[in-house]
file target22.cif (mmCIF, C-alpha atoms)
data_model
#
loop_
_atom_site.label_atom_id
_atom_site.label_comp_id
_atom_site.auth_asym_id
_atom_site.auth_seq_id
_atom_site.Cartn_x
_atom_site.Cartn_y
_atom_site.Cartn_z
CA MET A 275 148.63 32.20 188.26
CA ALA A 276 152.08 30.83 189.10
CA LEU A 277 154.72 32.03 186.64
CA PHE A 278 158.49 31.78 186.39
CA ILE A 279 159.64 35.39 186.13
CA GLY A 280 162.86 37.29 186.59
CA THR A 281 166.56 36.59 186.35
CA HIS A 282 168.41 35.11 189.31
CA GLN A 283 172.04 34.14 189.90
CA ASN A 284 173.26 31.30 192.09
CA LYS A 285 176.48 29.37 192.66
CA LEU A 286 177.11 25.87 191.36
CA ASP A 287 179.07 24.04 194.04
CA SER A 288 181.89 21.54 193.48
CA LYS A 289 179.41 18.64 193.76
CA GLY A 290 177.23 20.06 190.96
CA ARG A 291 174.50 21.31 193.31
CA VAL A 292 172.66 24.58 192.82
CA SER A 293 169.89 26.22 194.81
CA ILE A 294 166.69 26.84 192.87
CA PRO A 295 165.50 30.46 193.44
CA ALA A 296 162.83 30.57 196.19
CA HIS A 297 160.13 31.97 193.89
CA PHE A 298 160.84 29.23 191.32
CA ARG A 299 160.59 26.55 194.05
CA SER A 300 157.20 27.98 195.03
CA VAL A 301 155.97 27.71 191.44
CA LEU A 302 157.36 24.17 191.13
CA LYS A 303 155.46 23.12 194.25
CA LYS A 304 152.20 24.78 193.17
CA MET A 305 152.41 23.04 189.82
CA SER A 306 153.02 19.55 191.20
CA HIS A 307 150.92 16.67 192.44
CA ALA A 308 152.36 17.07 195.97
CA GLY A 309 151.22 20.67 196.21
CA GLU A 310 152.38 23.86 197.84
CA ALA A 311 152.77 22.42 201.33
CA SER A 312 155.38 19.90 200.21
CA PRO A 313 158.88 20.45 201.68
CA ILE A 314 160.42 19.46 198.34
CA ALA A 315 159.74 20.42 194.75
CA THR A 316 159.64 18.12 191.73
CA ILE A 317 161.44 19.43 188.68
CA TYR A 318 162.00 18.15 185.15
CA LEU A 319 165.16 19.22 183.36
CA ARG A 320 166.14 18.80 179.73
CA PRO A 321 168.73 20.31 177.42
CA SER A 322 167.24 23.01 175.24
CA HIS A 323 167.13 21.97 171.61
CA GLN A 324 167.44 25.65 170.58
CA HIS A 325 170.11 27.07 172.89
CA ALA A 326 173.05 26.08 175.09
CA CYS A 327 170.96 26.10 178.26
CA ILE A 328 168.90 23.78 180.43
CA GLU A 329 165.10 23.97 180.45
CA GLY A 330 163.30 23.59 183.79
CA TRP A 331 159.72 22.32 183.78
CA THR A 332 157.09 21.83 186.46
CA GLU A 333 155.71 18.35 187.02
CA LEU A 334 152.29 19.25 185.60
CA GLY A 335 153.84 21.23 182.74
CA PHE A 336 156.03 18.33 181.65
CA GLU A 337 153.08 15.96 181.80
CA ALA A 338 151.08 18.38 179.63
CA LEU A 339 153.99 18.52 177.16
CA SER A 340 154.05 14.73 177.05
CA ALA A 341 150.32 14.18 176.48
CA PRO A 342 149.91 15.34 172.86
CA VAL A 343 153.27 14.04 171.60
CA ALA A 344 151.75 11.04 169.83
CA GLU A 345 149.22 13.21 168.01
CA GLY A 346 150.14 13.86 164.41
CA TYR A 347 152.63 10.99 164.29
CA ASN A 348 152.29 7.31 163.65
CA LEU A 349 153.31 5.87 167.01
CA PHE A 350 155.92 3.57 165.46
CA SER A 351 157.19 5.90 162.73
CA PRO A 352 160.81 7.04 162.54
CA GLU A 353 159.59 10.66 162.81
CA HIS A 354 157.81 9.93 166.10
CA GLU A 355 160.86 8.16 167.47
CA ASP A 356 163.13 11.07 166.48
CA PHE A 357 160.75 13.55 168.09
CA VAL A 358 160.36 11.74 171.40
CA LEU A 359 164.07 10.97 171.64
CA ALA A 360 164.93 14.63 171.04
CA LEU A 361 162.39 15.82 173.62
CA PHE A 362 162.68 13.18 176.33
CA GLY A 363 165.90 11.21 175.75
CA ASP A 364 168.10 13.51 177.83
CA ALA A 365 165.38 14.72 180.22
CA CYS A 366 165.48 13.87 183.90
CA ALA A 367 163.08 14.16 186.80
CA MET A 368 164.38 15.13 190.22
CA GLU A 369 163.36 16.59 193.54
CA THR A 370 164.95 19.41 195.45
CA ASP A 371 166.40 18.68 198.84
CA LYS A 372 164.89 20.44 201.85
CA GLU A 373 167.21 23.43 201.25
CA GLY A 374 165.88 23.79 197.69
CA ARG A 375 168.96 22.43 195.94
CA ILE A 376 169.27 20.03 193.05
CA MET A 377 172.26 18.19 191.64
CA LEU A 378 172.60 19.04 187.97
CA PRO A 379 173.49 16.02 185.82
CA ALA A 380 176.94 16.22 184.21
CA ASN A 381 175.53 15.97 180.66
CA LEU A 382 173.29 19.00 181.26
CA VAL A 383 176.12 20.98 182.90
CA ALA A 384 178.27 20.26 179.82
CA HIS A 385 175.44 21.14 177.40
CA ALA A 386 175.00 24.57 179.01
CA GLY A 387 178.73 25.19 179.60
CA LEU A 388 178.16 25.83 183.31
CA THR A 389 181.03 26.48 185.71
CA ASP A 390 180.91 28.26 189.10
CA ASN A 391 177.86 30.48 188.61
CA VAL A 392 174.52 29.94 186.91
CA THR A 393 171.73 32.24 185.83
CA PHE A 394 168.08 31.26 186.09
CA ILE A 395 165.82 33.06 183.61
CA GLY A 396 162.05 32.80 183.95
CA THR A 397 160.17 32.18 180.71
CA ARG A 398 156.59 32.12 182.01
CA ASN A 399 155.66 28.41 182.27
CA THR A 400 159.25 27.15 182.24
CA PHE A 401 162.66 28.53 183.12
CA GLN A 402 166.14 28.28 181.69
CA ILE A 403 169.49 27.73 183.39
CA TRP A 404 172.38 29.49 181.65
CA GLU A 405 176.06 30.21 181.97
CA PRO A 406 175.74 33.85 183.16
CA GLU A 407 177.40 35.63 180.22
CA ALA A 408 175.59 33.46 177.66
CA GLY A 409 172.29 34.07 179.47
CA ALA A 410 172.86 37.84 179.48
CA ARG A 411 173.64 37.76 175.73
CA ARG A 412 170.50 35.72 175.00
CA LEU A 413 168.32 38.03 177.10
CA ALA A 414 169.74 41.08 175.27
CA GLU A 415 169.21 39.34 171.91
CA ALA A 416 165.59 38.53 172.81
CA ARG A 417 164.96 42.14 173.86
CA GLU A 418 166.41 43.45 170.60
CA LYS A 419 164.39 41.01 168.49
CA ALA A 420 161.21 41.89 170.38
CA LYS A 421 161.93 45.60 169.99
CA ALA A 422 162.67 45.24 166.26
CA SER A 423 159.44 43.32 165.72
CA GLY A 424 157.42 45.99 167.53
CA PHE A 425 156.68 43.71 170.52
CA THR A 426 153.10 43.33 169.36
CA LEU A 427 150.31 42.06 171.58
CA ARG A 428 146.77 41.53 170.40
CA ALA A 429 144.36 44.13 171.76
CA GLY A 430 142.87 43.01 175.06
CA THR A 431 145.54 40.41 175.86
CA ALA A 432 147.29 42.46 178.52
CA ALA A 433 145.47 44.75 180.90
CA THR A 434 148.68 46.63 181.64
CA ALA A 435 149.86 47.11 178.05
CA GLN A 436 150.97 50.56 177.06
CA PRO A 437 148.52 52.65 175.05
CA ALA A 438 148.35 51.72 171.41
CA THR A 439 150.33 53.77 168.96
CA ALA A 440 148.43 55.99 166.59
CA PRO A 441 146.83 54.04 163.74
CA SER A 442 148.89 53.98 160.60
CA ALA A 443 147.94 56.21 157.72
CA THR A 444 147.03 53.14 155.68
CA ALA A 445 144.71 51.64 158.32
CA GLN A 446 141.22 50.96 157.14
CA PRO A 447 138.45 52.65 159.12
CA GLY A 448 136.86 50.27 161.63
CA THR A 449 139.76 47.79 161.67
CA ALA A 450 141.56 46.99 164.89
CA GLN A 451 145.23 47.87 165.07
CA PRO A 452 147.67 45.82 167.16
CA GLU A 453 149.00 47.42 170.32
CA ARG A 454 152.71 48.18 170.42
CA ARG A 455 154.69 48.54 173.55
CA ALA A 456 158.14 50.02 173.84
CA LEU A 457 160.83 47.99 175.56
CA SER A 458 163.48 49.70 177.63
#
call {"tool": "encode", "arguments": {"input": "target22.cif", "output": "structure tokens"}}
result
Amino acid sequence: MALFIGTHQNKLDSKGRVSIPAHFRSVLKKMSHAGEASPIATIYLRPSHQHACIEGWTELGFEALSAPVAEGYNLFSPEHEDFVLALFGDACAMETDKEGRIMLPANLVAHAGLTDNVTFIGTRNTFQIWEPEAGARRLAEAREKAKASGFTLRAGTAATAQPATAPSATAQPGTAQPERRALS
């Protein structure tokens, strides 16, 4: 399975170009119609509607996001229009050059507050592009929230999960307890 993982730093040049991390380019190619052998990678970018960062999507991932959008909405309703404008109005499709670079649109650079350096953070099926200090703060915030919530996974969802904690004193006999995993 091709996943966007890890945190990577790159420079944003004076023309607004940035190199996509090599592993991310590989995932983008695998999850595109052109395939892994393509010298370029297709990427979809959009401003996050939750944070001051840019979301990066694969070609197939963005198509999958687009498919069910009309479900649950009357196609010509104001709610549908608001939803699709918020999701797709500022999105853009682009291809990397042969060196793996893209030119970030000015509106997305402004949205994320990017200057000389950028941080790429993998988020499984997508990735985010952050101003480095803001990205570090968000990553720390996410870790703390996950830790405070017990970072619970359903039993059997992760083969490498840490052993489950001892069942609580109030657990009913024969009931499954969620696994908890400590974050460092």
call {"tool": "resolve_selection", "arguments": {"input": "target22.cif", "expression": "the PyMOL selection byres ((chain A and resi 299) around 10)", "output": "list in words"}}
result
Phe278, Ser293, Ile294, Pro295, Ala296, His297, Phe298, Ser300, Val301, Leu302, Lys303, Lys304, Met305, Glu310, Pro313, Ile314, Ala315, Thr316, Ile317, Thr332, Thr370, Gly374 and Arg375 of chain A
call {"tool": "resolve_selection", "arguments": {"input": "target22.cif", "expression": "the PyMOL selection byres ((chain A and resi 357-361) around 12)", "output": "NGL selection string"}}
result
:A and (318-324 or 329 or 336 or 339-356 or 362-366)
call {"tool": "residues_near_point", "arguments": {"input": "target22.cif", "point": "(177.7, 22.0, 174.3)", "cutoff": "12 Å", "atoms": "only C-alpha atoms", "output": "list in words"}}
result
Pro321, Ser322, His323, Gln324, His325, Ala326, Cys327, Ile328, Ala380, Asn381, Leu382, Val383, Ala384, His385, Ala386, Gly387, Leu388, Trp404 and Glu405 of chain A
call {"tool": "atom_distance", "arguments": {"input": "target22.cif", "atom1": "atom CA of Pro379 of chain A", "atom2": "atom CA of Phe401 of chain A"}}
result
16.8 Å
call {"tool": "resolve_selection", "arguments": {"input": "target22.cif", "expression": "the PyMOL selection byres ((chain A and resi 394) around 9)", "output": "VMD selection string"}}
result
chain A and resid 280 to 284 294 to 295 392 to 393 395 to 396 401 to 404 406 409
call {"tool": "decode", "arguments": {"input": "target22.cif", "residues": "segment 404-417 of chain A", "atoms": "all heavy atoms", "output": "tab-separated table (two decimals), in the first residue's frame"}}
result
chain	number	residue	atom	x	y	z
A	404	TRP	N	3.19	22.86	5.03
A	404	TRP	CA	3.12	23.84	6.12
A	404	TRP	C	4.30	24.79	6.11
A	404	TRP	O	5.39	24.44	5.69
A	404	TRP	CB	3.16	23.12	7.46
A	404	TRP	CG	1.94	22.37	7.84
A	404	TRP	CD1	1.63	21.08	7.50
A	404	TRP	CD2	0.87	22.82	8.66
A	404	TRP	NE1	0.44	20.71	8.07
A	404	TRP	CE2	-0.05	21.76	8.79
A	404	TRP	CE3	0.60	24.03	9.31
A	404	TRP	CZ2	-1.22	21.87	9.53
A	404	TRP	CZ3	-0.56	24.13	10.06
A	404	TRP	CH2	-1.46	23.07	10.16
A	405	GLU	N	4.10	25.94	6.71
A	405	GLU	CA	5.20	26.79	7.16
A	405	GLU	C	5.83	25.98	8.28
A	405	GLU	O	5.11	25.42	9.11
A	405	GLU	CB	4.64	28.14	7.64
A	405	GLU	CG	5.67	29.15	8.06
A	405	GLU	CD	6.22	28.91	9.45
A	405	GLU	OE1	5.46	28.47	10.34
A	405	GLU	OE2	7.42	29.13	9.63
A	406	PRO	N	7.17	25.81	8.31
A	406	PRO	CA	7.79	24.86	9.23
A	406	PRO	C	7.40	24.99	10.71
A	406	PRO	O	7.10	23.98	11.36
A	406	PRO	CB	9.29	25.08	9.03
A	406	PRO	CG	9.38	25.53	7.61
A	406	PRO	CD	8.16	26.38	7.40
A	407	GLU	N	7.40	26.18	11.26
A	407	GLU	CA	7.07	26.33	12.68
A	407	GLU	C	5.61	26.00	12.94
A	407	GLU	O	5.28	25.36	13.93
A	407	GLU	CB	7.41	27.73	13.18
A	407	GLU	CG	8.91	27.97	13.27
A	407	GLU	CD	9.25	29.36	13.79
A	407	GLU	OE1	8.37	30.04	14.37
A	407	GLU	OE2	10.42	29.76	13.64
A	408	ALA	N	4.72	26.41	12.04
A	408	ALA	CA	3.30	26.10	12.19
A	408	ALA	C	3.07	24.59	12.07
A	408	ALA	O	2.27	24.02	12.81
A	408	ALA	CB	2.47	26.85	11.14
A	409	GLY	N	3.78	23.95	11.15
A	409	GLY	CA	3.66	22.50	10.99
A	409	GLY	C	4.14	21.76	12.23
A	409	GLY	O	3.51	20.79	12.67
A	410	ALA	N	5.24	22.21	12.81
A	410	ALA	CA	5.76	21.58	14.03
A	410	ALA	C	4.78	21.73	15.18
A	410	ALA	O	4.55	20.79	15.95
A	410	ALA	CB	7.12	22.17	14.39
A	411	ARG	N	4.17	22.93	15.29
A	411	ARG	CA	3.16	23.15	16.35
A	411	ARG	C	1.95	22.24	16.14
A	411	ARG	O	1.44	21.65	17.08
A	411	ARG	CB	2.71	24.62	16.37
A	411	ARG	CG	3.68	25.56	17.01
A	411	ARG	CD	3.07	26.94	17.26
A	411	ARG	NE	2.53	27.56	16.06
A	411	ARG	CZ	3.24	28.33	15.23
A	411	ARG	NH1	4.51	28.55	15.45
A	411	ARG	NH2	2.66	28.85	14.16
A	412	ARG	N	1.50	22.12	14.89
A	412	ARG	CA	0.32	21.28	14.62
A	412	ARG	C	0.62	19.81	14.89
A	412	ARG	O	-0.21	19.09	15.45
A	412	ARG	CB	-0.13	21.47	13.17
A	412	ARG	CG	-1.27	20.59	12.76
A	412	ARG	CD	-2.55	20.89	13.55
A	412	ARG	NE	-3.55	19.89	13.23
A	412	ARG	CZ	-4.07	19.03	14.10
A	412	ARG	NH1	-3.75	19.08	15.38
A	412	ARG	NH2	-4.95	18.13	13.72
A	413	LEU	N	1.81	19.35	14.52
A	413	LEU	CA	2.20	17.97	14.78
A	413	LEU	C	2.25	17.71	16.29
A	413	LEU	O	1.75	16.69	16.76
A	413	LEU	CB	3.55	17.70	14.12
A	413	LEU	CG	3.97	16.27	13.89
A	413	LEU	CD1	2.92	15.45	13.17
A	413	LEU	CD2	5.28	16.23	13.11
A	414	ALA	N	2.82	18.64	17.05
A	414	ALA	CA	2.87	18.50	18.51
A	414	ALA	C	1.46	18.51	19.11
A	414	ALA	O	1.15	17.71	20.00
A	414	ALA	CB	3.71	19.63	19.12
A	415	GLU	N	0.60	19.39	18.58
A	415	GLU	CA	-0.79	19.44	19.05
A	415	GLU	C	-1.50	18.12	18.78
A	415	GLU	O	-2.21	17.59	19.64
A	415	GLU	CB	-1.52	20.60	18.35
A	415	GLU	CG	-3.00	20.66	18.65
A	415	GLU	CD	-3.74	21.65	17.76
A	415	GLU	OE1	-3.36	21.83	16.58
A	415	GLU	OE2	-4.71	22.24	18.26
A	416	ALA	N	-1.31	17.57	17.59
A	416	ALA	CA	-1.95	16.30	17.23
A	416	ALA	C	-1.46	15.17	18.13
A	416	ALA	O	-2.26	14.33	18.58
A	416	ALA	CB	-1.68	15.96	15.76
A	417	ARG	N	-0.16	15.15	18.42
A	417	ARG	CA	0.39	14.12	19.32
A	417	ARG	C	-0.24	14.24	20.70
A	417	ARG	O	-0.62	13.23	21.30
A	417	ARG	CB	1.91	14.27	19.45
A	417	ARG	CG	2.68	13.71	18.31
A	417	ARG	CD	4.17	13.72	18.65
A	417	ARG	NE	4.96	13.64	17.45
A	417	ARG	CZ	5.72	14.62	16.97
A	417	ARG	NH1	5.84	15.75	17.60
A	417	ARG	NH2	6.39	14.43	15.85
